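See structure below.
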Protein chains: 6
Amino acid sequence: MKVRVSRKEHFNAAHRLYNPAWPDQKNREVFGKCANPNYHGHNYELVVSVTGTPDDGTGYVMDTKILSDLVRREIIDLFDHKNLNLDLPHFKHLNPTAENIARVIWDILRPHIKAELDLKITLYETERNFVEYPAD
Amino acid sequence: MKVRVSRKEHFNAAHRLYNPAWPDQKNREVFGKCANPNYHGHNYELVVSVTGTPDDGTGYVMDTKILSDLVRREIIDLFDHKNLNLDLPHFKHLNPTAENIARVIWDILRPHIKAELDLKITLYETERNFVEYPAD
Amino acid sequence: MKVRVSRKEHFNAAHRLYNPAWPDQKNREVFGKCANPNYHGHNYELVVSVTGTPDDGTGYVMDTKILSDLVRREIIDLFDHKNLNLDLPHFKHLNPTAENIARVIWDILRPHIKAELDLKITLYETERNFVEYPAD
Amino acid sequence: MKVRVSRKEHFNAAHRLYNPAWPDQKNREVFGKCANPNYHGHNYELVVSVTGTPDDGTGYVMDTKILSDLVRREIIDLFDHKNLNLDLPHFKHLNPTAENIARVIWDILRPHIKAELDLKITLYETERNFVEYPAD
Amino acid sequence: MKVRVSRKEHFNAAHRLYNPAWPDQKNREVFGKCANPNYHGHNYELVVSVTGTPDDGTGYVMDTKILSDLVRREIIDLFDHKNLNLDLPHFKHLNPTAENIARVIWDILRPHIKAELDLKITLYETERNFVEYPAD
Amino acid sequence: MKVRVSRKEHFNAAHRLYNPAWPDQKNREVFGKCANPNYHGHNYELVVSVTGTPDDGTGYVMDTKILSDLVRREIIDLFDHKNLNLDLPHFKHLNPTAENIARVIWDILRPHIKAELDLKITLYETERNFVEYPAD
């Protein structure tokens, strides 16, 4: 049986929900106050989980210190204190919903995690709204 | 790969654990202080999760604003500041354990969620006691 | 300079807000859904704080094990899994608002705490509603 | 002895730390990544506390439902899903640090709270950074 | 469909990460400050989850009071206020990483849980580091 | 009116409660399982609060980035992943109760904080046991 190991990090960012292929009126209708053209923001809590068999020598699936350093270098330095729509090329043509942010983070981290380990992203946009990718 | 989106709401309710098919003495033996005939109560934290593929236009599996409105209209208005045993017909012949409350909530919400989305209920009776339905 | 030591406990109880000196109609107007005649309930989180000078021998203002045992014996055994309006004589003529519950708890505990220690009660009715007595 | 009653609300907003009287270079030196010209954001948790003597009839210092409605009408509707620098006139010439946001909120709410009640604002910018105004 | 029921308990313990088959220098390189020969410690939060079909009579998958009593007797009494490396025979030849602690706890509890119920352990070493066994 | 600004940090440490001036038997009687000679440990959450008047130029009482850097350099580097009894000279003759740890931290930090700012330490030994120094 495998073990899942999780590390929680956080970043603070501004964003707005906006589909550039739609007229402003439709964006306002669909996204409501989340479409505010001057942006709003969140404290995102990010949980990165890896699943595998603990190593006999270390007792680790993956050293959470190494996992934390990886997430900080690849994700936190890129996302923290940024405007997701303006500062990150990933969201130039992609609406930064929690669903899409989680998928972007998974895509960035996947090549840095050993192939035999499964990777899962949980992203809290607020304490009451959160997403998991992939779903179990 | 699919995304799971979750929305957390809460309600405050009174209940007692009691099987009307049993004599009082057996109820007291099985349910202990939870069988107090004058009831006790909880702040229930309810997480409603839907799993599916994000829409290309919105980037949403389901708009959490719409999900929150649905849960408030169908569940919170029904359960909040109520006595589950006395005020809700669902528990007239069903013991309001966390397990059964979660199943009742799932049954109420399922017809309101698109068929292609999976639905899962997580219910915290206290910070230290919680249930998930269906189990992963 | 003194040190304040705090211990957090919890209890689950049913109650309704109701002033027996008022007609039902006025109770409904003032207390809204909190006046539901069949009661509702909460997970109360109770923080008991004592302030004084640490003892030179123990390094304690008060042993939190002793404080916890005291709170469990005098308060939790009395309040937990109870209906505050029906099961506790303290609220026979006193509306069990968070303010009044905190004052009742303070009155019960005060004689059990050494006179040279200050006592303060913080009571969370929900995560978002709480009271402190006495106010700093 | 008085009782303090607190109600917690939240809002999500974008901001940047920036003193318009200073050159950009000094803003970058003093505020670091918080000065990002494209903004970042937070989930602000706001605790509004009022202190006074409970009313004999209601048992309330202040009905937290009324307090919550007031805070939502006067503060949340103004701050939520906004850019504090661009959308709120209060911060046109005032740097939106947590300290200054708390003072602005206090100034807005003070006239709406009965004169005999003390008012205190606690504002969490993140789970790890928070301010209280006035300090006890 | 089955229901998962979870009960959260906690214990406080000292430990160090150390593989006795390795020289001290390699232990320091791999485990860093976690290898401090004088130990460090944690408040471990332990969630024990059982999955099955609620009983028709009780409405319980398993009474959380019985589950809590079991976990306290078999796990908390063994682990709480202990040095995992020195006081528990289980870790005499096994490095007490969160992964290994979760597996030891699962092995201890499994024979005490009915065969038709699935068992899962979630262990928080800190609020930001946690493991699940078995992974879903 | 002044503003209080707080920054939360954490450290993980082992300790035992033990008064070296007392025989072992008395230590066991007074401190119970906290006197375990092989130590136990905690995830300590440390809140450092400074109170003063915000600067007109920055809007800060104190930059929480500077406060955080100070606390990490002076406290976290000293306490984290350590055995308080064995690794810190401060507790060679002082019992490391939460009360005494808070006072030691205050004494270390006070000279590094501007004289016109008040300093307060809040230390959580567990989620349910915490101390404040000085008491308000």
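Ordered as shown in the structure tokens, chains take letters A, B, and onward, while each chain numbers its residues from 1 and ligands are numbered from 1 in the order shown.
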
Exercise for review: Write out as a count of residues only all residues of segment 58-93 of chain D that backbone DSSP assigns to alpha helix (DSSP H).
Suggested key: 15

Exercise for review: Pull out every residue of chain C that has at least one atom within 10 Å of chain D, counting only C-alpha atoms, and report them as an NGL selection string.
Suggested key: :C and (17-22 or 27 or 30-32 or 94-103 or 121-124 or 126-136)

Could you turn the residues from that selection into a file that holds N, CA and C atoms, as a short mmCIF file (atom, residue, chain, number, x, y, z; two decimals), in the first residue's frame?
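Output file out24.cif is given in full below:
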data_model
loop_
_atom_site.label_atom_id
_atom_site.label_comp_id
_atom_site.auth_asym_id
_atom_site.auth_seq_id
_atom_site.Cartn_x
_atom_site.Cartn_y
_atom_site.Cartn_z
N LEU C 17 -33.10 31.34 22.07
CA LEU C 17 -33.11 32.66 22.70
C LEU C 17 -34.56 33.04 22.94
N TYR C 18 -34.88 33.38 24.17
CA TYR C 18 -36.28 33.55 24.55
C TYR C 18 -36.32 34.29 25.89
N ASN C 19 -37.08 35.37 25.93
CA ASN C 19 -37.30 36.09 27.18
C ASN C 19 -38.72 35.76 27.65
N PRO C 20 -38.84 34.95 28.72
CA PRO C 20 -40.17 34.50 29.15
C PRO C 20 -41.08 35.65 29.60
N ALA C 21 -40.51 36.83 29.84
CA ALA C 21 -41.34 37.98 30.24
C ALA C 21 -42.02 38.62 29.04
N TRP C 22 -41.63 38.20 27.83
CA TRP C 22 -42.20 38.81 26.62
C TRP C 22 -43.19 37.85 25.96
N ASN C 27 -40.73 37.86 21.08
CA ASN C 27 -39.56 36.99 21.02
C ASN C 27 -39.18 36.68 19.57
N VAL C 30 -37.63 39.87 17.94
CA VAL C 30 -36.29 40.25 18.41
C VAL C 30 -35.25 39.17 18.10
N PHE C 31 -35.61 37.92 18.30
CA PHE C 31 -34.60 36.86 18.21
C PHE C 31 -34.66 36.06 16.91
N GLY C 32 -35.67 36.32 16.07
CA GLY C 32 -35.74 35.70 14.76
C GLY C 32 -35.67 34.19 14.85
N LEU C 94 -33.04 33.32 32.71
CA LEU C 94 -31.96 34.11 32.08
C LEU C 94 -31.79 33.62 30.64
N ASN C 95 -31.85 34.54 29.69
CA ASN C 95 -31.74 34.18 28.28
C ASN C 95 -30.33 33.67 27.97
N PRO C 96 -30.17 32.47 27.41
CA PRO C 96 -28.82 31.91 27.20
C PRO C 96 -28.11 32.49 25.96
N THR C 97 -27.96 33.81 25.91
CA THR C 97 -27.09 34.43 24.91
C THR C 97 -25.64 34.10 25.26
N ALA C 98 -24.76 34.27 24.30
CA ALA C 98 -23.33 34.03 24.57
C ALA C 98 -22.86 34.91 25.73
N GLU C 99 -23.34 36.15 25.75
CA GLU C 99 -22.95 37.07 26.85
C GLU C 99 -23.33 36.47 28.20
N ASN C 100 -24.57 35.98 28.32
CA ASN C 100 -25.02 35.45 29.61
C ASN C 100 -24.38 34.13 29.95
N ILE C 101 -24.13 33.28 28.95
CA ILE C 101 -23.44 32.02 29.23
C ILE C 101 -22.04 32.30 29.78
N ALA C 102 -21.34 33.26 29.17
CA ALA C 102 -19.98 33.59 29.64
C ALA C 102 -20.01 34.09 31.08
N ARG C 103 -21.01 34.90 31.40
CA ARG C 103 -21.09 35.41 32.78
C ARG C 103 -21.43 34.31 33.77
N ILE C 121 -13.15 34.82 30.66
CA ILE C 121 -13.83 33.80 29.87
C ILE C 121 -13.96 34.31 28.43
N THR C 122 -13.57 33.47 27.46
CA THR C 122 -13.86 33.75 26.05
C THR C 122 -14.70 32.59 25.55
N LEU C 123 -15.84 32.90 24.94
CA LEU C 123 -16.75 31.85 24.51
C LEU C 123 -17.10 32.04 23.03
N TYR C 124 -16.76 31.03 22.21
CA TYR C 124 -17.12 31.04 20.79
C TYR C 124 -18.43 30.28 20.61
N THR C 126 -20.04 30.40 17.60
CA THR C 126 -19.64 29.85 16.31
C THR C 126 -18.25 30.41 16.04
N GLU C 127 -17.64 29.97 14.95
CA GLU C 127 -16.32 30.49 14.59
C GLU C 127 -16.38 32.00 14.37
N ARG C 128 -17.56 32.53 14.03
CA ARG C 128 -17.70 33.94 13.65
C ARG C 128 -18.38 34.81 14.71
N ASN C 129 -18.90 34.21 15.79
CA ASN C 129 -19.54 34.96 16.88
C ASN C 129 -18.90 34.57 18.19
N PHE C 130 -18.31 35.53 18.90
CA PHE C 130 -17.73 35.17 20.19
C PHE C 130 -17.74 36.35 21.15
N VAL C 131 -17.63 36.03 22.45
CA VAL C 131 -17.69 37.06 23.50
C VAL C 131 -16.54 36.86 24.47
N GLU C 132 -16.17 37.95 25.15
CA GLU C 132 -15.14 37.92 26.18
C GLU C 132 -15.69 38.60 27.44
N TYR C 133 -15.44 37.96 28.61
CA TYR C 133 -15.93 38.52 29.86
C TYR C 133 -14.94 38.26 30.97
N PRO C 134 -14.48 39.26 31.72
CA PRO C 134 -14.75 40.66 31.43
C PRO C 134 -13.94 41.13 30.22
N ALA C 135 -14.45 42.16 29.53
CA ALA C 135 -13.67 42.79 28.47
C ALA C 135 -12.39 43.34 29.08
N ASP C 136 -11.32 43.32 28.31
CA ASP C 136 -10.01 43.77 28.85
C ASP C 136 -10.12 45.20 29.40
#

Exercise for review: Would you list the contacts of Ile108 of chain E as a VMD selection string, taking every protein, DNA or RNA residue within 8 Å and counting only C-alpha atoms, but skipping same-chain residues closer than 4 positions in sequence?
Suggested key: chain E and resid 74 to 75 104 112

Filtering to N, CA, C and O atoms, could you give me those residues as a PDB file, in the first residue's frame?
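The resulting result_26.pdb:
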ATOM      1  N   GLU E  74      -5.091   2.359  22.426  1.00  0.00           N
ATOM      2  CA  GLU E  74      -4.055   1.649  21.670  1.00  0.00           C
ATOM      3  C   GLU E  74      -2.936   2.568  21.169  1.00  0.00           C
ATOM      4  O   GLU E  74      -1.802   2.118  20.982  1.00  0.00           O
ATOM      5  N   ILE E  75      -3.262   3.847  20.903  1.00  0.00           N
ATOM      6  CA  ILE E  75      -2.282   4.742  20.275  1.00  0.00           C
ATOM      7  C   ILE E  75      -1.875   5.887  21.205  1.00  0.00           C
ATOM      8  O   ILE E  75      -0.691   6.079  21.479  1.00  0.00           O
ATOM      9  N   VAL E 104       2.882   2.381  11.238  1.00  0.00           N
ATOM     10  CA  VAL E 104       2.869   1.677  12.538  1.00  0.00           C
ATOM     11  C   VAL E 104       1.482   1.788  13.180  1.00  0.00           C
ATOM     12  O   VAL E 104       0.948   0.802  13.711  1.00  0.00           O
ATOM     13  N   HIS E 112      -8.077  -4.327  15.441  1.00  0.00           N
ATOM     14  CA  HIS E 112      -9.156  -3.930  16.361  1.00  0.00           C
ATOM     15  C   HIS E 112     -10.387  -3.410  15.621  1.00  0.00           C
ATOM     16  O   HIS E 112     -11.384  -3.085  16.271  1.00  0.00           O
TER      17      HIS E 112
END

Exercise for review: Excluding Tyr39 of chain E and residues on its chain fewer than 3 positions from it, collect all residues at most 6 Å away from it, counting only C-alpha atoms, and give them as number ranges by chain.
Suggested key: E: 15-16, 36; F: 83

Can I get the selected residues back with N, CA, C and O atoms, as a PDB file, in the first residue's frame?
ATOM      1  N   HIS E  15      11.041  13.310  18.783  1.00  0.00           N
ATOM      2  CA  HIS E  15      11.676  12.316  17.910  1.00  0.00           C
ATOM      3  C   HIS E  15      12.911  12.931  17.255  1.00  0.00           C
ATOM      4  O   HIS E  15      13.184  14.122  17.415  1.00  0.00           O
ATOM      5  N   ARG E  16      13.683  12.116  16.586  1.00  0.00           N
ATOM      6  CA  ARG E  16      14.700  12.592  15.653  1.00  0.00           C
ATOM      7  C   ARG E  16      14.668  11.648  14.466  1.00  0.00           C
ATOM      8  O   ARG E  16      14.271  10.488  14.586  1.00  0.00           O
ATOM      9  N   ASN E  36      19.022  16.268  14.774  1.00  0.00           N
ATOM     10  CA  ASN E  36      19.570  16.766  16.050  1.00  0.00           C
ATOM     11  C   ASN E  36      19.610  15.648  17.095  1.00  0.00           C
ATOM     12  O   ASN E  36      18.567  15.109  17.470  1.00  0.00           O
TER      13      ASN E  36
ATOM     14  N   ASN F  83      16.265  20.762  21.509  1.00  0.00           N
ATOM     15  CA  ASN F  83      15.806  20.307  22.816  1.00  0.00           C
ATOM     16  C   ASN F  83      15.990  21.489  23.763  1.00  0.00           C
ATOM     17  O   ASN F  83      17.130  21.888  24.046  1.00  0.00           O
TER      18      ASN F  83
END

Exercise for review: Find the spatial neighbours of Asp77 of chain E, counting only C-alpha atoms, within a cut-off of 12 Å - ignore same-chain residues fewer than 5 positions away - and output them as a ChimeraX atom specification.
Suggested key: /E:9-13,69-72,82,87-88 /F:33

File dump, residues just selected, N, CA and C atoms, as a PDB file, in the first residue's frame:
ATOM      1  N   GLU E   9      -7.706  12.775  16.848  1.00  0.00           N
ATOM      2  CA  GLU E   9      -7.104  12.800  18.188  1.00  0.00           C
ATOM      3  C   GLU E   9      -5.718  13.443  18.058  1.00  0.00           C
ATOM      4  N   HIS E  10      -5.035  13.656  19.164  1.00  0.00           N
ATOM      5  CA  HIS E  10      -3.695  14.239  19.053  1.00  0.00           C
ATOM      6  C   HIS E  10      -2.774  13.695  20.133  1.00  0.00           C
ATOM      7  N   PHE E  11      -1.477  13.802  19.846  1.00  0.00           N
ATOM      8  CA  PHE E  11      -0.474  13.463  20.855  1.00  0.00           C
ATOM      9  C   PHE E  11       0.758  14.334  20.627  1.00  0.00           C
ATOM     10  N   ASN E  12       1.503  14.519  21.689  1.00  0.00           N
ATOM     11  CA  ASN E  12       2.719  15.332  21.642  1.00  0.00           C
ATOM     12  C   ASN E  12       3.906  14.412  21.882  1.00  0.00           C
ATOM     13  N   ALA E  13       4.901  14.469  21.009  1.00  0.00           N
ATOM     14  CA  ALA E  13       6.015  13.536  21.159  1.00  0.00           C
ATOM     15  C   ALA E  13       7.314  14.154  20.667  1.00  0.00           C
ATOM     16  N   ASP E  69     -12.258   5.889  21.950  1.00  0.00           N
ATOM     17  CA  ASP E  69     -11.734   5.108  23.086  1.00  0.00           C
ATOM     18  C   ASP E  69     -10.656   4.133  22.626  1.00  0.00           C
ATOM     19  N   LEU E  70     -10.895   3.500  21.483  1.00  0.00           N
ATOM     20  CA  LEU E  70      -9.921   2.562  20.934  1.00  0.00           C
ATOM     21  C   LEU E  70      -8.600   3.256  20.614  1.00  0.00           C
ATOM     22  N   VAL E  71      -8.687   4.397  19.929  1.00  0.00           N
ATOM     23  CA  VAL E  71      -7.473   5.124  19.522  1.00  0.00           C
ATOM     24  C   VAL E  71      -6.721   5.618  20.757  1.00  0.00           C
ATOM     25  N   ARG E  72      -7.444   6.081  21.754  1.00  0.00           N
ATOM     26  CA  ARG E  72      -6.762   6.545  22.969  1.00  0.00           C
ATOM     27  C   ARG E  72      -6.059   5.390  23.682  1.00  0.00           C
ATOM     28  N   LYS E  82       5.862  11.001  24.760  1.00  0.00           N
ATOM     29  CA  LYS E  82       6.944  10.027  24.670  1.00  0.00           C
ATOM     30  C   LYS E  82       8.023  10.503  23.687  1.00  0.00           C
ATOM     31  N   ASP E  87      11.383   5.506  23.527  1.00  0.00           N
ATOM     32  CA  ASP E  87      10.350   4.902  24.379  1.00  0.00           C
ATOM     33  C   ASP E  87       9.488   3.867  23.668  1.00  0.00           C
ATOM     34  N   LEU E  88       9.506   3.834  22.326  1.00  0.00           N
ATOM     35  CA  LEU E  88       8.640   2.903  21.592  1.00  0.00           C
ATOM     36  C   LEU E  88       9.478   1.854  20.870  1.00  0.00           C
TER      37      LEU E  88
ATOM     38  N   LYS F  33       3.269  13.202  33.248  1.00  0.00           N
ATOM     39  CA  LYS F  33       3.915  12.690  32.036  1.00  0.00           C
ATOM     40  C   LYS F  33       4.769  13.750  31.352  1.00  0.00           C
TER      41      LYS F  33
END

Could you write out, as a PDB file with C-alpha atoms, in the first residue's frame, all the residues of chain C that DSSP marks as strand (DSSP E)?
ATOM      1  CA  VAL C   3       1.459  36.172  32.488  1.00  0.00           C
ATOM      2  CA  ARG C   4      -1.964  35.079  31.219  1.00  0.00           C
ATOM      3  CA  VAL C   5      -2.431  31.302  30.813  1.00  0.00           C
ATOM      4  CA  SER C   6      -5.350  29.960  28.767  1.00  0.00           C
ATOM      5  CA  ARG C   7      -6.937  26.560  28.343  1.00  0.00           C
ATOM      6  CA  LYS C   8      -9.464  25.771  25.610  1.00  0.00           C
ATOM      7  CA  GLU C   9     -12.278  23.226  26.134  1.00  0.00           C
ATOM      8  CA  HIS C  10     -15.530  22.610  24.266  1.00  0.00           C
ATOM      9  CA  PHE C  11     -19.101  21.487  24.756  1.00  0.00           C
ATOM     10  CA  ASN C  12     -22.078  20.849  22.500  1.00  0.00           C
ATOM     11  CA  ALA C  13     -25.465  22.141  23.589  1.00  0.00           C
ATOM     12  CA  ALA C  14     -28.960  23.052  22.404  1.00  0.00           C
ATOM     13  CA  HIS C  15     -30.595  26.350  23.253  1.00  0.00           C
ATOM     14  CA  HIS C  40     -31.142  24.737  17.715  1.00  0.00           C
ATOM     15  CA  GLY C  41     -27.573  24.148  18.910  1.00  0.00           C
ATOM     16  CA  HIS C  42     -23.874  24.903  18.813  1.00  0.00           C
ATOM     17  CA  ASN C  43     -20.394  23.518  19.346  1.00  0.00           C
ATOM     18  CA  TYR C  44     -19.231  25.989  21.977  1.00  0.00           C
ATOM     19  CA  GLU C  45     -15.484  26.580  22.279  1.00  0.00           C
ATOM     20  CA  LEU C  46     -14.608  27.832  25.746  1.00  0.00           C
ATOM     21  CA  VAL C  47     -11.294  29.518  26.632  1.00  0.00           C
ATOM     22  CA  VAL C  48     -10.609  29.980  30.351  1.00  0.00           C
ATOM     23  CA  SER C  49      -7.746  32.391  31.104  1.00  0.00           C
ATOM     24  CA  VAL C  50      -6.020  33.070  34.424  1.00  0.00           C
ATOM     25  CA  THR C  51      -3.511  35.860  34.940  1.00  0.00           C
ATOM     26  CA  GLY C  52      -0.828  36.036  37.599  1.00  0.00           C
ATOM     27  CA  LYS C  82     -27.495  19.511  27.385  1.00  0.00           C
ATOM     28  CA  ASN C  83     -30.377  21.823  26.546  1.00  0.00           C
ATOM     29  CA  ASP C 118      -7.542  37.234  37.453  1.00  0.00           C
ATOM     30  CA  LEU C 119     -10.106  35.178  35.521  1.00  0.00           C
ATOM     31  CA  LYS C 120     -11.371  35.797  31.995  1.00  0.00           C
ATOM     32  CA  ILE C 121     -13.830  33.797  29.868  1.00  0.00           C
ATOM     33  CA  THR C 122     -13.855  33.750  26.054  1.00  0.00           C
ATOM     34  CA  LEU C 123     -16.751  31.850  24.506  1.00  0.00           C
ATOM     35  CA  TYR C 124     -17.121  31.043  20.789  1.00  0.00           C
ATOM     36  CA  GLU C 125     -20.767  30.321  19.902  1.00  0.00           C
ATOM     37  CA  THR C 126     -19.638  29.852  16.306  1.00  0.00           C
ATOM     38  CA  ASN C 129     -19.542  34.963  16.878  1.00  0.00           C
ATOM     39  CA  PHE C 130     -17.726  35.171  20.191  1.00  0.00           C
ATOM     40  CA  VAL C 131     -17.687  37.056  23.495  1.00  0.00           C
ATOM     41  CA  GLU C 132     -15.138  37.917  26.179  1.00  0.00           C
ATOM     42  CA  TYR C 133     -15.933  38.523  29.861  1.00  0.00           C
TER      43      TYR C 133
END

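Pairwise distance (atom CA of Ala35 of chain C, atom CA of Pro89 of chain B) equals 20.1 Å.
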